[in-house]
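Quick look at input29.txt (compact mmCIF, C-alpha atoms and all ligand atoms):
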```
# COMPACT_ATOMS: atom_id res chain seq x y z
CA MET H 1 104.15 97.51 63.23
CA ILE H 2 105.59 94.07 64.10
CA LYS H 3 104.87 90.81 62.35
CA VAL H 4 106.52 87.50 63.14
CA GLU H 5 106.18 84.47 60.88
CA ASN H 6 107.13 80.90 61.81
CA LEU H 7 109.87 82.10 64.16
CA LYS H 8 112.15 79.35 65.49
CA LYS H 9 115.17 79.31 67.76
CA TYR H 10 116.87 76.01 68.53
CA PHE H 11 119.90 76.05 70.83
CA SER H 12 122.47 73.30 70.45
CA THR H 13 123.07 71.37 73.70
CA GLY H 14 126.83 71.06 73.06
CA MET H 15 129.55 71.53 70.49
CA PHE H 16 129.41 67.91 69.27
CA SER H 17 125.80 67.25 70.19
CA LYS H 18 123.05 66.68 67.64
CA LYS H 19 120.37 67.52 70.21
CA TYR H 20 118.63 70.90 70.34
CA VAL H 21 116.60 72.84 72.88
CA ARG H 22 113.53 74.09 70.98
CA ALA H 23 113.25 77.40 72.84
CA VAL H 24 110.96 78.97 70.23
CA ASP H 25 109.23 76.60 67.85
CA GLY H 26 107.25 78.20 65.04
CA LEU H 27 105.65 81.38 66.40
CA SER H 28 103.50 83.66 64.25
CA PHE H 29 101.81 86.84 65.53
CA ALA H 30 101.41 90.53 64.81
CA ILE H 31 101.38 93.70 66.92
CA GLU H 32 99.50 96.70 65.52
CA LYS H 33 100.80 100.25 65.84
CA GLY H 34 100.19 101.60 69.35
CA GLU H 35 99.15 98.17 70.64
CA THR H 36 100.65 96.26 73.58
CA LEU H 37 100.84 92.49 73.28
CA GLY H 38 101.43 90.57 76.50
CA LEU H 39 103.47 87.39 76.18
CA VAL H 40 102.80 85.04 79.09
CA GLY H 41 103.77 81.56 80.20
CA GLU H 42 105.73 79.72 82.88
CA SER H 43 109.46 80.25 83.34
CA GLY H 44 111.46 78.57 80.61
CA CYS H 45 108.64 78.60 78.02
CA GLY H 46 110.75 80.74 75.64
CA LYS H 47 109.13 84.16 76.03
CA THR H 48 112.37 86.04 76.82
CA THR H 49 114.01 84.42 73.79
CA VAL H 50 111.16 85.76 71.61
CA GLY H 51 111.84 89.33 72.83
CA ARG H 52 115.54 89.06 72.03
CA LEU H 53 114.89 87.51 68.62
CA ILE H 54 112.53 90.31 67.57
CA LEU H 55 115.23 92.88 68.36
CA ARG H 56 117.83 90.67 66.64
CA LEU H 57 119.92 90.52 69.79
CA ILE H 58 120.15 86.83 68.93
CA GLU H 59 119.72 85.28 65.49
CA PRO H 60 116.80 82.93 64.81
CA THR H 61 117.12 79.44 63.39
CA GLU H 62 114.26 80.11 60.98
CA GLY H 63 111.43 82.56 60.30
CA LYS H 64 110.73 86.16 59.38
CA ILE H 65 110.49 89.29 61.54
CA PHE H 66 108.94 92.39 59.99
CA PHE H 67 109.20 95.90 61.38
CA LYS H 68 106.88 98.10 59.29
CA ASN H 69 107.07 95.69 56.32
CA THR H 70 110.87 95.40 56.44
CA ASN H 71 112.17 91.92 57.18
CA ILE H 72 114.85 92.87 59.70
CA LEU H 73 116.60 89.53 59.20
CA GLU H 74 117.58 90.71 55.71
CA LEU H 75 119.18 93.95 56.93
CA ASN H 76 122.94 94.34 56.83
CA LYS H 77 124.86 95.65 59.85
CA LYS H 78 124.70 99.28 58.69
CA ASP H 79 120.92 99.26 58.13
CA LEU H 80 120.35 97.35 61.36
CA ARG H 81 122.33 100.00 63.25
CA LYS H 82 120.06 102.69 61.76
CA LEU H 83 117.00 100.74 62.92
CA ARG H 84 118.30 100.11 66.47
CA PRO H 85 117.04 103.38 68.05
CA LYS H 86 113.50 102.59 66.89
CA MET H 87 113.44 99.18 68.61
CA GLN H 88 114.48 99.12 72.25
CA ILE H 89 114.31 96.82 75.28
CA ILE H 90 113.73 97.32 79.00
CA PHE H 91 115.42 94.45 80.84
CA GLN H 92 114.27 92.99 84.14
CA ASP H 93 117.40 94.18 85.93
CA PRO H 94 118.16 97.90 85.38
CA ASP H 95 121.76 97.31 86.47
CA SER H 96 122.40 95.46 83.21
CA SER H 97 121.42 98.58 81.21
CA LEU H 98 123.38 101.24 83.13
CA ASP H 99 127.16 101.59 83.22
CA PRO H 100 128.09 101.70 86.94
CA ARG H 101 130.97 104.08 86.14
CA MET H 102 128.70 106.66 84.52
CA LYS H 103 126.50 109.20 86.26
CA ILE H 104 122.79 108.96 85.34
CA GLY H 105 123.00 112.18 83.28
CA GLU H 106 125.97 110.80 81.33
CA SER H 107 124.11 107.54 80.64
CA ILE H 108 121.18 109.47 79.18
CA ALA H 109 123.51 111.77 77.20
CA GLU H 110 125.29 108.82 75.59
CA PRO H 111 122.53 107.80 73.09
CA LEU H 112 121.75 111.48 72.44
CA LYS H 113 125.36 111.91 71.28
CA LEU H 114 125.57 108.57 69.49
CA TYR H 115 122.49 109.17 67.36
CA ASN H 116 122.93 112.95 67.20
CA ILE H 117 119.41 113.57 68.54
CA VAL H 118 119.98 117.13 69.81
CA SER H 119 122.86 119.58 69.43
CA LYS H 120 125.46 119.79 72.19
CA ASN H 121 123.88 123.03 73.45
CA GLY H 122 120.44 121.48 73.78
CA ARG H 123 121.59 118.27 75.49
CA GLU H 124 121.40 119.49 79.09
CA GLU H 125 117.86 120.75 78.62
CA LYS H 126 116.79 117.48 76.97
CA ILE H 127 118.25 115.42 79.83
CA SER H 128 116.42 117.56 82.42
CA GLU H 129 113.19 117.15 80.47
CA LEU H 130 113.56 113.34 80.36
CA ILE H 131 114.54 113.12 84.03
CA GLU H 132 111.41 115.03 84.99
CA MET H 133 109.20 112.98 82.67
CA VAL H 134 110.21 109.70 84.34
CA GLY H 135 109.71 111.11 87.84
CA LEU H 136 113.33 111.52 88.92
CA ASN H 137 114.71 114.66 90.59
CA PRO H 138 117.27 116.99 88.95
CA GLU H 139 119.78 115.97 91.65
CA HIS H 140 119.75 112.38 90.31
CA ILE H 141 121.52 113.56 87.13
CA ASN H 142 124.83 113.66 89.01
CA ARG H 143 124.38 110.42 90.91
CA TYR H 144 125.82 106.99 90.07
CA PRO H 145 123.53 103.93 89.72
CA HIS H 146 124.74 102.45 93.04
CA GLU H 147 123.51 105.60 94.81
CA LEU H 148 119.93 105.05 93.56
CA SER H 149 117.27 102.44 94.32
CA GLY H 150 116.27 99.74 91.81
CA GLY H 151 113.09 101.69 90.94
CA GLN H 152 115.01 104.92 90.36
CA ASN H 153 117.52 103.12 88.14
CA GLN H 154 114.69 101.58 86.12
CA ARG H 155 113.27 105.10 85.65
CA ALA H 156 116.71 106.23 84.42
CA VAL H 157 116.75 103.31 81.95
CA ILE H 158 113.36 104.42 80.62
CA ALA H 159 114.64 108.02 80.26
CA ARG H 160 117.67 106.73 78.33
CA ILE H 161 115.42 104.74 75.99
CA LEU H 162 112.98 107.62 75.43
CA ALA H 163 115.93 109.89 74.56
CA ILE H 164 116.18 108.22 71.15
CA ASN H 165 112.46 108.31 70.25
CA PRO H 166 111.76 104.58 69.93
CA LYS H 167 108.70 103.26 68.13
CA PHE H 168 108.70 99.72 69.51
CA ILE H 169 109.69 98.50 72.96
CA VAL H 170 110.17 95.05 74.40
CA ALA H 171 109.53 95.22 78.16
CA ASP H 172 110.94 91.98 79.60
CA GLU H 173 109.57 91.51 83.13
CA PRO H 174 110.36 95.21 83.76
CA THR H 175 109.00 95.27 87.31
CA SER H 176 109.75 91.81 88.66
CA SER H 177 113.12 92.76 90.23
CA LEU H 178 111.54 95.74 92.04
CA ASP H 179 109.99 95.96 95.51
CA VAL H 180 106.25 95.35 95.48
CA ASN H 181 105.46 98.93 96.55
CA VAL H 182 107.50 100.32 93.62
CA GLN H 183 106.03 97.98 91.00
CA ALA H 184 102.69 99.81 90.73
CA GLN H 185 104.44 103.18 90.29
CA MET H 186 106.61 101.71 87.55
CA LEU H 187 103.61 100.23 85.71
CA PHE H 188 101.89 103.62 85.92
CA LEU H 189 104.98 105.28 84.42
CA LEU H 190 105.20 102.73 81.61
CA LYS H 191 101.53 103.29 80.76
CA LYS H 192 102.05 107.06 80.78
CA VAL H 193 105.06 107.05 78.44
CA ARG H 194 103.47 104.46 76.17
CA GLU H 195 100.46 106.73 75.66
CA LYS H 196 102.48 109.95 75.38
CA PHE H 197 104.83 108.53 72.74
CA GLY H 198 102.31 106.23 71.01
CA LEU H 199 104.62 103.27 71.57
CA THR H 200 104.01 99.75 70.34
CA CYS H 201 105.05 97.18 72.97
CA LEU H 202 105.73 93.54 73.56
CA PHE H 203 105.22 93.12 77.31
CA ILE H 204 106.73 89.90 78.66
CA SER H 205 105.61 88.71 82.08
CA HIS H 206 104.69 85.63 84.07
CA ASP H 207 102.38 87.80 86.21
CA LEU H 208 98.87 87.73 84.76
CA GLU H 209 97.63 90.54 86.98
CA VAL H 210 100.30 92.83 85.51
CA ILE H 211 99.46 91.60 82.01
CA LYS H 212 95.78 92.37 82.61
CA VAL H 213 96.38 96.06 83.30
CA MET H 214 99.17 96.62 80.78
CA THR H 215 98.06 94.93 77.56
CA ASP H 216 95.50 95.07 74.75
CA LYS H 217 96.14 91.53 73.55
CA ILE H 218 97.64 88.39 75.09
CA ALA H 219 99.65 85.55 73.56
CA VAL H 220 100.04 82.48 75.78
CA MET H 221 103.16 80.37 75.29
CA TYR H 222 103.83 76.79 76.29
CA LEU H 223 107.04 74.93 75.54
CA GLY H 224 108.15 77.27 72.74
CA LYS H 225 104.75 77.44 71.00
CA LEU H 226 101.72 79.71 71.14
CA VAL H 227 98.60 77.99 72.43
CA GLU H 228 96.14 80.91 72.62
CA VAL H 229 96.04 84.52 71.38
CA GLY H 230 93.27 87.05 71.89
CA LYS H 231 92.15 90.40 73.22
CA THR H 232 93.01 90.76 76.91
CA SER H 233 89.32 91.05 77.86
CA ASP H 234 88.43 87.93 75.81
CA ILE H 235 91.18 85.88 77.43
CA PHE H 236 90.28 86.95 80.97
CA ASN H 237 86.54 86.51 80.40
CA GLY H 238 86.62 83.37 78.30
CA ALA H 239 89.96 81.59 77.98
CA VAL H 240 89.52 78.47 75.89
CA HIS H 241 92.82 76.59 76.04
CA PRO H 242 93.15 74.33 79.12
CA TYR H 243 96.65 75.72 79.81
CA THR H 244 95.42 79.35 79.79
CA GLN H 245 92.51 78.34 82.03
CA ALA H 246 94.97 76.76 84.49
CA LEU H 247 97.18 79.88 84.54
CA LEU H 248 94.16 82.13 85.17
CA SER H 249 92.82 79.86 87.91
CA ALA H 250 96.09 80.33 89.82
CA ILE H 251 95.64 84.12 90.20
CA PRO H 252 94.99 84.82 93.89
CA VAL H 253 91.49 86.13 94.68
CA LEU H 254 91.40 88.85 97.33
CA ASP H 255 87.67 88.64 98.00
CA PRO H 256 87.16 85.76 100.51
CA GLU H 257 83.56 85.37 99.28
CA ALA H 258 84.60 84.90 95.67
CA LYS H 259 85.05 81.32 94.58
CA ARG H 260 87.21 80.14 91.72
CA LYS H 261 87.97 76.57 90.81
CA ARG H 262 91.73 76.13 90.86
CA ILE H 263 93.03 73.89 88.08
CA VAL H 264 96.18 72.22 89.36
CA LEU H 265 98.42 70.96 86.59
CA GLY H 266 100.13 67.67 87.22
CA GLY H 267 103.77 67.00 86.41
CA GLU H 268 106.57 69.24 85.27
CA ILE H 269 107.07 71.16 82.05
CA PRO H 270 108.48 68.53 79.63
CA ASN H 271 112.06 68.71 78.46
CA PRO H 272 112.24 71.06 75.42
CA ILE H 273 115.03 68.87 73.99
CA ASN H 274 112.50 66.09 73.59
CA PRO H 275 109.04 67.68 73.55
CA PRO H 276 105.95 65.40 73.68
CA SER H 277 104.35 64.22 70.45
CA GLY H 278 101.07 65.72 69.26
CA CYS H 279 99.90 68.52 71.54
CA SER H 280 102.93 69.42 73.67
CA PHE H 281 100.58 70.07 76.62
CA HIS H 282 99.03 66.58 76.57
CA THR H 283 101.24 65.21 79.38
CA ARG H 284 99.64 67.70 81.80
CA CYS H 285 96.22 68.34 80.28
CA PRO H 286 93.18 67.16 82.29
CA TYR H 287 91.08 66.95 79.06
CA ARG H 288 93.46 65.04 76.79
CA GLU H 289 92.07 62.56 74.29
CA ARG H 290 93.80 59.91 72.20
CA ILE H 291 94.25 62.31 69.25
CA CYS H 292 96.13 64.78 71.48
CA GLU H 293 99.07 62.35 71.76
CA ILE H 294 99.28 61.83 68.02
CA GLU H 295 98.36 65.00 66.18
CA GLU H 296 99.56 68.53 66.84
CA PRO H 297 96.55 70.89 67.00
CA MET H 298 96.60 73.79 64.54
CA MET H 299 95.95 77.35 65.64
CA ILE H 300 92.39 78.23 64.58
CA ASP H 301 90.42 81.47 64.82
CA ILE H 302 87.29 81.01 66.93
CA GLY H 303 86.08 84.57 66.25
CA ASP H 304 87.18 88.18 66.49
CA GLY H 305 90.88 87.32 66.30
CA HIS H 306 90.70 84.90 69.24
CA GLN H 307 92.95 81.98 68.25
CA VAL H 308 93.38 78.64 69.98
CA ALA H 309 95.46 75.52 69.33
CA CYS H 310 93.47 72.69 70.92
CA HIS H 311 91.66 69.64 69.53
CA LEU H 312 88.65 70.42 71.75
CA ASN H 313 87.87 73.32 69.38
CA ARG H 314 88.07 71.41 66.13
FE1 LIG P 401 94.51 69.26 76.08
FE2 LIG P 401 94.25 67.90 73.82
FE3 LIG P 401 93.65 70.47 73.89
FE4 LIG P 401 96.17 69.67 74.05
S1 LIG P 401 94.84 69.43 72.31
S2 LIG P 401 95.20 71.22 75.28
S3 LIG P 401 95.97 67.81 75.26
S4 LIG P 401 92.61 68.82 75.00
```
If you convert what's in this file into structure tokens, what do you get?
Amino acid sequence: MIKVENLKKYFSTGMFSKKYVRAVDGLSFAIEKGETLGLVGESGCGKTTVGRLILRLIEPTEGKIFFKNTNILELNKKDLRKLRPKMQIIFQDPDSSLDPRMKIGESIAEPLKLYNIVSKNGREEKISELIEMVGLNPEHINRYPHELSGGQNQRAVIARILAINPKFIVADEPTSSLDVNVQAQMLFLLKKVREKFGLTCLFISHDLEVIKVMTDKIAVMYLGKLVEVGKTSDIFNGAVHPYTQALLSAIPVLDPEAKRKRIVLGGEIPNPINPPSGCSFHTRCPYRERICEIEEPMMIDIGDGHQVACHLNR
């Protein structure tokens, strides 16, 4: 459904500057139909930029992005507009997706009208159906966003997206702005609609526990590059890259009897304007060797689609 090849996005640091922030630096991956790929990494690693690039909300510096074999970077404005309903995004903050001056029902009706999904007569019924599907009450149709909670607004955003029958969704930290007690309900809803509509998803999160329950496959990002990709079960049961191992070791363990060795990474994430030579993780890696500072490790398949970029696996 989605294929990305050598995707790059460099942001200039100023109008007259020759320096660039390498937010995304040569990513390649694919998402099969009906599959959910989790994109994880620390804040600032470039994962949100990847989501926006795939939807062409921002233009890449280089690379190819295929949606069902069509390179969307070659589409003109008219063809891109036709494709828009099929590729949607759920932002972290539902307030950025809803017009505060519109009632929830009007917000859901807007894309139905714009893309002529149902006739005027059938619109009310369709809105009621969507409202019920996302777990809102009929009375919410006539409320404004400021009269609802964050969780209810995020449900309304999902109803608005489902109104136009998308095929692919980018969910960018969709629960992180919500109260903890609402987050689980929202994840349950996302799973339900994903299954019901057979959606393909890119699920972006820094929370590995959320990623574990929501995804089929995981791609781990560090400083604009992918360092490990694999099935969710393979990553959780046998992560190979030292960075992935460190991220997993930081997940809190509820069982006081259970023991897990915490890998504490030294130092800060390097400046993406001037990334380290060789393996970009070498400044923080407890296993670095001389070659790590000189040569960038290639992504290699270690079996069953599990890919790792680390000299330890050469
Ligand atoms: Fe660590 Fe070297 Fe592997 Fe990079 S290539 S993760 S520095 S061991």
Test item: axis-aligned box, all listed atoms of ligand LIG 401 (chain P), 3 Å on each side, centre and edges in Å rounded to one decimal, as JSON:
```
{"center_x": 94.4, "center_y": 69.5, "center_z": 74.2, "size_x": 9.6, "size_y": 9.4, "size_z": 9.8}
```
key: Within 12 Å of Glu5 (chain H) using all atoms listed in the file, minus same-chain residues under 2 positions, as number ranges by chain   = H: 2-3, 7-8, 24-30, 50, 54, 60, 62-67, 71, 73
Give me, as JSON lines, the closest atom pair and its distance (Å, one decimal) for every residue of chain H within a cut-off of 6 Å of ligand LIG 401 (chain P), counting only C-alpha atoms and all ligand atoms, rows sorted by chain and rising number.
```
{"residue": "H:His241", "atom": "CA", "partner": "P:LIG401", "partner_atom": "S2", "distance": 5.9}
{"residue": "H:Pro242", "atom": "CA", "partner": "P:LIG401", "partner_atom": "S2", "distance": 5.3}
{"residue": "H:Cys279", "atom": "CA", "partner": "P:LIG401", "partner_atom": "FE4", "distance": 4.6}
{"residue": "H:Phe281", "atom": "CA", "partner": "P:LIG401", "partner_atom": "FE4", "distance": 5.1}
{"residue": "H:His282", "atom": "CA", "partner": "P:LIG401", "partner_atom": "S3", "distance": 3.5}
{"residue": "H:Cys285", "atom": "CA", "partner": "P:LIG401", "partner_atom": "FE1", "distance": 4.6}
{"residue": "H:Tyr287", "atom": "CA", "partner": "P:LIG401", "partner_atom": "S4", "distance": 4.7}
{"residue": "H:Arg288", "atom": "CA", "partner": "P:LIG401", "partner_atom": "S3", "distance": 4.0}
{"residue": "H:Glu289", "atom": "CA", "partner": "P:LIG401", "partner_atom": "FE2", "distance": 5.8}
{"residue": "H:Cys292", "atom": "CA", "partner": "P:LIG401", "partner_atom": "FE2", "distance": 4.3}
{"residue": "H:Pro297", "atom": "CA", "partner": "P:LIG401", "partner_atom": "S1", "distance": 5.8}
{"residue": "H:Cys310", "atom": "CA", "partner": "P:LIG401", "partner_atom": "FE3", "distance": 3.7}
{"residue": "H:His311", "atom": "CA", "partner": "P:LIG401", "partner_atom": "S1", "distance": 4.2}
{"residue": "H:Leu312", "atom": "CA", "partner": "P:LIG401", "partner_atom": "S4", "distance": 5.4}
```
Residue contacts of Met299 (chain H) (10 Å, only C-alpha atoms) excluding same-chain residues fewer than 6 positions away, as an MDAnalysis selection string = chainID H and resid 28 226:229 306:311 313:314
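Across the model, the gap from CA of Arg160 (chain H) to CA of Ser128 (chain H) is 11.6 Å.
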Using the structure block above, produce a file of region 235-246 of chain H that contains N, CA, C and O atoms, as a tab-separated table (two decimals), in the first residue's frame.
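part_32.tsv written:
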```
chain	number	residue	atom	x	y	z
H	235	ILE	N	10.81	-7.65	17.53
H	235	ILE	CA	11.53	-6.53	18.16
H	235	ILE	C	11.42	-6.64	19.68
H	235	ILE	O	12.42	-6.48	20.40
H	236	PHE	N	10.23	-6.93	20.18
H	236	PHE	CA	10.07	-7.00	21.64
H	236	PHE	C	10.76	-8.23	22.25
H	236	PHE	O	11.20	-8.20	23.39
H	237	ASN	N	10.84	-9.32	21.45
H	237	ASN	CA	11.46	-10.53	22.00
H	237	ASN	C	12.94	-10.64	21.68
H	237	ASN	O	13.64	-11.44	22.28
H	238	GLY	N	13.41	-9.85	20.72
H	238	GLY	CA	14.82	-10.01	20.36
H	238	GLY	C	15.37	-8.83	19.59
H	238	GLY	O	15.89	-9.00	18.49
H	239	ALA	N	15.24	-7.63	20.18
H	239	ALA	CA	15.81	-6.44	19.52
H	239	ALA	C	17.32	-6.63	19.40
H	239	ALA	O	17.97	-7.14	20.32
H	240	VAL	N	17.86	-6.21	18.27
H	240	VAL	CA	19.28	-6.43	18.01
H	240	VAL	C	20.10	-5.14	18.10
H	240	VAL	O	21.22	-5.15	18.58
H	241	HIS	N	19.53	-4.05	17.64
H	241	HIS	CA	20.29	-2.78	17.63
H	241	HIS	C	20.42	-2.25	19.06
H	241	HIS	O	19.44	-2.22	19.82
H	242	PRO	N	21.62	-1.81	19.45
H	242	PRO	CA	21.81	-1.30	20.82
H	242	PRO	C	20.85	-0.16	21.18
H	242	PRO	O	20.44	-0.04	22.34
H	243	TYR	N	20.48	0.67	20.20
H	243	TYR	CA	19.55	1.77	20.52
H	243	TYR	C	18.15	1.22	20.84
H	243	TYR	O	17.52	1.64	21.81
H	244	THR	N	17.68	0.26	20.03
H	244	THR	CA	16.36	-0.35	20.31
H	244	THR	C	16.39	-1.03	21.68
H	244	THR	O	15.44	-0.92	22.46
H	245	GLN	N	17.49	-1.73	21.97
H	245	GLN	CA	17.60	-2.41	23.26
H	245	GLN	C	17.51	-1.40	24.41
H	245	GLN	O	16.86	-1.66	25.43
H	246	ALA	N	18.14	-0.24	24.23
H	246	ALA	CA	18.10	0.79	25.28
H	246	ALA	C	16.68	1.34	25.45
H	246	ALA	O	16.20	1.52	26.58
```
